[in-house]
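Shown next: my_file-v6.txt, containing compact mmCIF, C-alpha atoms.
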```
# COMPACT_ATOMS: atom_id res chain seq x y z
CA MET S 1 0.00 0.00 0.00
CA SER S 2 1.19 3.48 -0.79
CA ILE S 3 0.63 6.36 1.61
CA PHE S 4 0.25 8.78 -1.26
CA ASN S 5 -2.90 7.38 -2.91
CA LYS S 6 -5.04 10.38 -1.97
CA GLN S 7 -5.86 13.12 -4.46
CA GLN S 8 -3.21 15.79 -4.73
CA GLN S 9 -2.71 19.02 -6.62
CA LYS S 10 0.95 18.39 -7.43
CA HIS S 11 2.39 15.36 -9.19
CA MET S 12 4.10 13.08 -6.67
CA PRO S 13 7.79 12.60 -7.47
CA THR S 14 9.04 9.06 -7.80
CA PHE S 15 12.40 7.35 -7.77
CA SER S 16 13.59 4.14 -9.30
CA ALA S 17 15.69 1.86 -7.08
CA SER S 18 18.71 2.55 -9.28
CA GLN S 19 18.63 6.26 -8.31
CA THR S 20 19.85 5.57 -4.78
CA VAL S 21 23.08 7.28 -3.68
CA LEU S 22 23.71 4.61 -1.05
CA PRO S 23 26.88 2.63 -1.97
CA SER S 24 26.37 -1.01 -2.92
CA ALA S 25 28.59 -2.14 0.00
CA ALA S 26 26.30 -0.30 2.42
CA ILE S 27 23.22 -1.84 0.79
CA SER S 28 24.72 -5.31 1.24
CA ARG S 29 25.51 -4.66 4.93
CA ILE S 30 22.00 -3.37 5.65
CA GLU S 31 20.37 -6.29 3.80
CA SER S 32 22.54 -8.74 5.81
CA GLY S 33 21.33 -7.20 9.07
CA SER S 34 24.30 -4.99 10.00
CA LEU S 35 24.58 -1.24 10.24
CA ALA S 36 26.58 0.46 7.52
CA GLU S 37 29.22 3.05 8.43
CA LEU S 38 29.26 5.75 5.78
CA ASN S 39 31.76 8.51 5.21
CA VAL S 40 29.70 11.64 4.49
CA PRO S 41 31.99 14.67 4.30
CA ASN S 42 29.20 17.29 4.16
CA LEU S 43 27.48 16.12 7.36
CA MET S 44 28.78 17.36 10.71
CA LEU S 45 28.84 14.30 12.97
CA LYS S 46 29.05 14.60 16.72
CA LYS S 47 31.58 12.71 18.84
CA GLY S 48 30.85 8.98 18.66
CA GLU S 49 28.23 9.46 15.93
CA LYS S 50 28.22 7.28 12.79
CA CYS S 51 26.17 7.73 9.64
CA CYS S 52 24.28 4.50 8.89
CA PHE S 53 22.05 5.58 5.98
CA VAL S 54 21.89 8.35 3.37
CA ASP S 55 19.74 8.73 0.28
CA LYS S 56 17.98 11.22 -1.96
CA SER S 57 14.58 12.05 -0.61
CA TYR S 58 11.49 14.21 -0.92
CA GLU S 59 9.83 15.44 2.24
CA MET S 60 6.06 15.53 1.82
CA VAL S 61 4.65 18.69 3.41
CA GLU S 62 0.88 19.15 3.71
CA THR S 63 -0.57 22.56 4.48
CA SER S 64 -4.26 23.03 5.14
CA THR S 65 -6.11 26.30 4.86
CA THR S 66 -9.70 26.88 5.90
CA ARG S 67 -11.80 29.69 4.53
CA ASN S 68 -15.47 30.49 5.00
CA VAL S 69 -17.85 30.54 2.02
CA ARG S 70 -21.05 32.50 2.46
CA LYS S 71 -24.22 30.80 1.26
CA SER S 72 -27.46 32.76 1.23
CA GLY S 73 -30.95 32.43 -0.13
CA GLY S 74 -34.32 34.10 0.14
CA THR S 75 -36.79 36.35 -1.61
CA SER S 76 -37.53 40.03 -2.01
CA VAL S 77 -41.04 41.42 -2.42
CA PRO S 78 -42.24 44.99 -3.04
CA SER S 79 -44.29 46.72 -0.36
CA VAL S 80 -47.96 47.25 -1.07
CA PHE S 81 -48.09 50.18 1.35
CA PHE S 82 -44.97 52.21 0.46
CA LYS S 83 -43.76 52.92 -3.04
CA GLY S 84 -40.06 52.02 -3.63
CA VAL S 85 -39.75 49.89 -0.47
CA ARG S 86 -38.93 46.16 -0.66
CA TYR S 87 -39.02 43.50 2.04
CA HIS S 88 -36.22 40.95 2.06
CA MET S 89 -36.74 37.57 3.66
CA GLY S 90 -34.21 34.78 3.75
CA SER S 91 -31.23 33.34 5.49
CA SER S 92 -27.53 33.03 5.09
CA GLU S 93 -24.84 30.85 6.58
CA SER S 94 -21.09 30.59 6.51
CA ILE S 95 -19.69 27.20 5.49
CA PRO S 96 -16.02 26.38 6.27
CA VAL S 97 -14.10 24.94 3.31
CA THR S 98 -10.74 23.27 3.97
CA GLU S 99 -8.18 22.94 1.20
CA THR S 100 -5.05 20.81 1.55
CA LYS S 101 -1.96 21.60 -0.52
CA VAL S 102 0.83 19.05 -0.83
CA ASP S 103 4.39 20.16 -1.52
CA TYR S 104 7.46 17.99 -2.07
CA ILE S 105 10.80 19.31 -0.85
CA PRO S 106 13.86 17.63 -2.40
CA GLY S 107 16.87 16.87 -0.22
CA TYR S 108 18.83 14.10 1.49
CA LEU S 109 17.78 11.92 4.42
CA TYR S 110 20.53 10.82 6.81
CA ILE S 111 20.11 8.32 9.63
CA THR S 112 22.91 8.21 12.17
CA ASN S 113 23.16 6.24 15.39
CA LYS S 114 22.15 9.45 17.25
CA ARG S 115 20.04 11.60 14.89
CA ILE S 116 17.69 11.68 11.91
CA ILE S 117 18.63 14.56 9.59
CA PHE S 118 16.98 15.91 6.44
CA THR S 119 18.90 18.56 4.51
CA SER S 120 17.48 20.68 1.69
CA GLN S 121 17.59 24.13 0.12
CA LYS S 122 14.22 24.99 1.73
CA GLY S 123 15.15 24.20 5.32
CA GLY S 124 15.62 20.88 7.00
CA LEU S 125 15.07 18.69 9.99
CA GLU S 126 17.26 17.39 12.79
CA LYS S 127 15.78 15.15 15.47
CA PRO S 128 17.47 12.94 18.06
CA ILE S 129 16.92 9.24 17.36
CA GLY S 130 15.58 8.91 20.90
CA SER S 131 12.63 11.21 20.09
CA LEU S 132 11.43 8.86 17.33
CA SER S 133 8.16 7.33 18.57
CA ALA S 134 7.47 5.04 15.61
CA PHE S 135 8.15 4.57 11.93
CA HIS S 136 5.67 3.59 9.25
CA PRO S 137 6.96 1.70 6.19
CA TYR S 138 5.26 2.20 2.83
CA SER S 139 6.11 0.84 -0.61
CA ASN S 140 7.70 4.10 -1.75
CA ALA S 141 8.23 6.00 1.50
CA ILE S 142 8.77 5.97 5.23
CA GLY S 143 6.79 7.91 7.80
CA LEU S 144 8.72 9.00 10.88
CA GLN S 145 6.62 9.80 13.92
CA PHE S 146 7.94 12.23 16.53
CA GLY S 147 5.28 12.53 19.23
CA GLN S 148 2.06 13.66 17.52
CA LYS S 149 3.74 14.65 14.25
CA VAL S 150 4.40 12.27 11.34
CA ILE S 151 6.89 13.33 8.67
CA ASN S 152 6.83 11.38 5.39
CA PHE S 153 9.83 10.91 3.12
CA ILE S 154 9.75 9.47 -0.42
CA LEU S 155 12.92 7.44 -1.07
CA PRO S 156 14.38 5.34 -3.90
CA ARG S 157 14.91 2.45 -1.45
CA ALA S 158 12.56 3.09 1.46
CA ASP S 159 13.00 -0.54 2.50
CA LEU S 160 16.65 0.13 3.39
CA ALA S 161 15.70 3.06 5.65
CA VAL S 162 13.18 0.80 7.39
CA GLN S 163 15.77 -1.99 7.78
CA THR S 164 18.31 0.48 9.19
CA LEU S 165 15.85 1.64 11.85
CA GLN S 166 14.87 -1.95 12.63
CA ILE S 167 18.52 -2.92 13.15
CA MET S 168 18.99 0.06 15.47
CA THR S 169 16.02 -0.84 17.69
```

Show me the file's structure as structure tokens.
Amino acid sequence: MSIFNKQQQKHMPTFSASQTVLPSAAISRIESGSLAELNVPNLMLKKGEKCCFVDKSYEMVETSTTRNVRKSGGTSVPSVFFKGVRYHMGSSESIPVTETKVDYIPGYLYITNKRIIFTSQKGGLEKPIGSLSAFHPYSNAIGLQFGQKVINFILPRADLAVQTLQIMT
């Protein structure tokens, strides 16, 4: 099942498995049940921290806006007593309409033994691995839950991100 089956305004980006930037040696280690140790020169690792996973990714960001639409109806009749006067009878109501916009932010997802990091031109994310409540595997993505918030990432090999987190827990 894919998480992204709902109707969207923007075309959902996709990857093929061959588009992964994860080295084949790291893929083999993860598939055999061991954590990979990657050398990533552009990521600032803390003391004792090791990068176990990196890949191209799109962060799926949903924004909802609610606006009120006014709906009214009724009739207007002329007065029989006063010339030029009309009586208006009817009702009106305000109906809330919610619109959800989906945006896809390209970047790189890193999983280290201490943090989950997403880097991109439009901002990023850095969360301690200990604050991860749950992860949700999908056929083309992984959902990372931090408390009440779930952040979804589309990946070329989402299965490897899931396996990396499973090995760590």

Coordinates-based distance that separates atom CA of S:Glu99 from atom CA of S:Lys56 (Å, one decimal): 28.8 Å

Using all atoms listed in the file: which of S:Glu93, S:Glu62, S:Asp55, S:Glu49 has the shortest distance to S:Thr112: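 Ranking S:Glu93, S:Glu62, S:Asp55, S:Glu49 by distance to S:Thr112, first place goes to S:Glu49.
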
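Of the listed residues S:Pro23, S:Thr14, S:Thr98, S:Ile111, the one whose atoms come nearest to S:Ile167 is S:Ile111, with distances taken using all atoms listed in the file.
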
Every residue with an atom at most 12 Å from (-14.7, 21.7, 2.5) (file coordinates; all atoms listed in the file) is what I'm after, so could you write them as JSON, numbers by chain? {"S": [64, 65, 66, 67, 68, 69, 94, 95, 96, 97, 98, 99, 100]}

Based on the selection just made, write C-alpha atoms of those residues as a PDB file, in the frame of the given file.
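Now in result-v2.pdb:
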```pdb
ATOM      1  CA  SER S  64      -4.260  23.030   5.140  1.00  0.00           C
ATOM      2  CA  THR S  65      -6.110  26.300   4.860  1.00  0.00           C
ATOM      3  CA  THR S  66      -9.700  26.880   5.900  1.00  0.00           C
ATOM      4  CA  ARG S  67     -11.800  29.690   4.530  1.00  0.00           C
ATOM      5  CA  ASN S  68     -15.470  30.490   5.000  1.00  0.00           C
ATOM      6  CA  VAL S  69     -17.850  30.540   2.020  1.00  0.00           C
ATOM      7  CA  SER S  94     -21.090  30.590   6.510  1.00  0.00           C
ATOM      8  CA  ILE S  95     -19.690  27.200   5.490  1.00  0.00           C
ATOM      9  CA  PRO S  96     -16.020  26.380   6.270  1.00  0.00           C
ATOM     10  CA  VAL S  97     -14.100  24.940   3.310  1.00  0.00           C
ATOM     11  CA  THR S  98     -10.740  23.270   3.970  1.00  0.00           C
ATOM     12  CA  GLU S  99      -8.180  22.940   1.200  1.00  0.00           C
ATOM     13  CA  THR S 100      -5.050  20.810   1.550  1.00  0.00           C
TER      14      THR S 100
END
```

Separating atom CA of S:Glu31 from atom CA of S:Gln166, to the nearest tenth of an Å, is a gap of 11.3 Å

What's the 12 Å shell around S:Thr164, counting only C-alpha atoms, without same-chain residues fewer than 5 positions away, as a count of residues only? 28

Atom-to-atom span, atom CA of S:Ser139 and atom CA of S:Leu38, Å: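 Value for the atom CA of S:Ser139-atom CA of S:Leu38 distance: 24.5 Å.
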
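Of the listed residues (S:Tyr58, S:His136, S:Pro156, S:Val40), S:Tyr58 comes nearest to S:Phe118; the distances count only C-alpha atoms.
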
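Within 12 Å of the point (7.7, 24.2, 2.6), and counting only C-alpha atoms, the protein, DNA and RNA residues are Tyr58, Glu59, Met60, Val61, Glu62, Thr63, Lys101, Val102, Asp103, Tyr104, Ile105, Pro106, Ser120, Gln121, Lys122, Gly123, Gly124 and Leu125 of chain S.
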
With distances taken over all atoms listed in the file, which residue among S:Ser24, S:Thr75, S:Asn140, S:Gln148 lies nearest S:Ser57? S:Asn140

Which of S:Lys114, S:Lys149, S:Leu165, S:Leu132 sits closest to S:Lys46 [using only C-alpha atoms]: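 Closest residue, counting only C-alpha atoms: S:Lys114.
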
Using only C-alpha atoms for the distances, tell me which of S:Ser92, S:Phe82, S:Gly147, S:Lys127 is nearest to S:Arg70.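 Smallest distance to S:Arg70 is found for S:Ser92.
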
As JSON, please: the centre and edge lengths in Å, to one decimal, of an axis-aligned box enclosing every listed atom of stretch 152-160 of chain S with 6 Å added on each side.
```
{"center_x": 11.7, "center_y": 5.4, "center_z": 0.7, "size_x": 21.8, "size_y": 23.9, "size_z": 21.3}
```
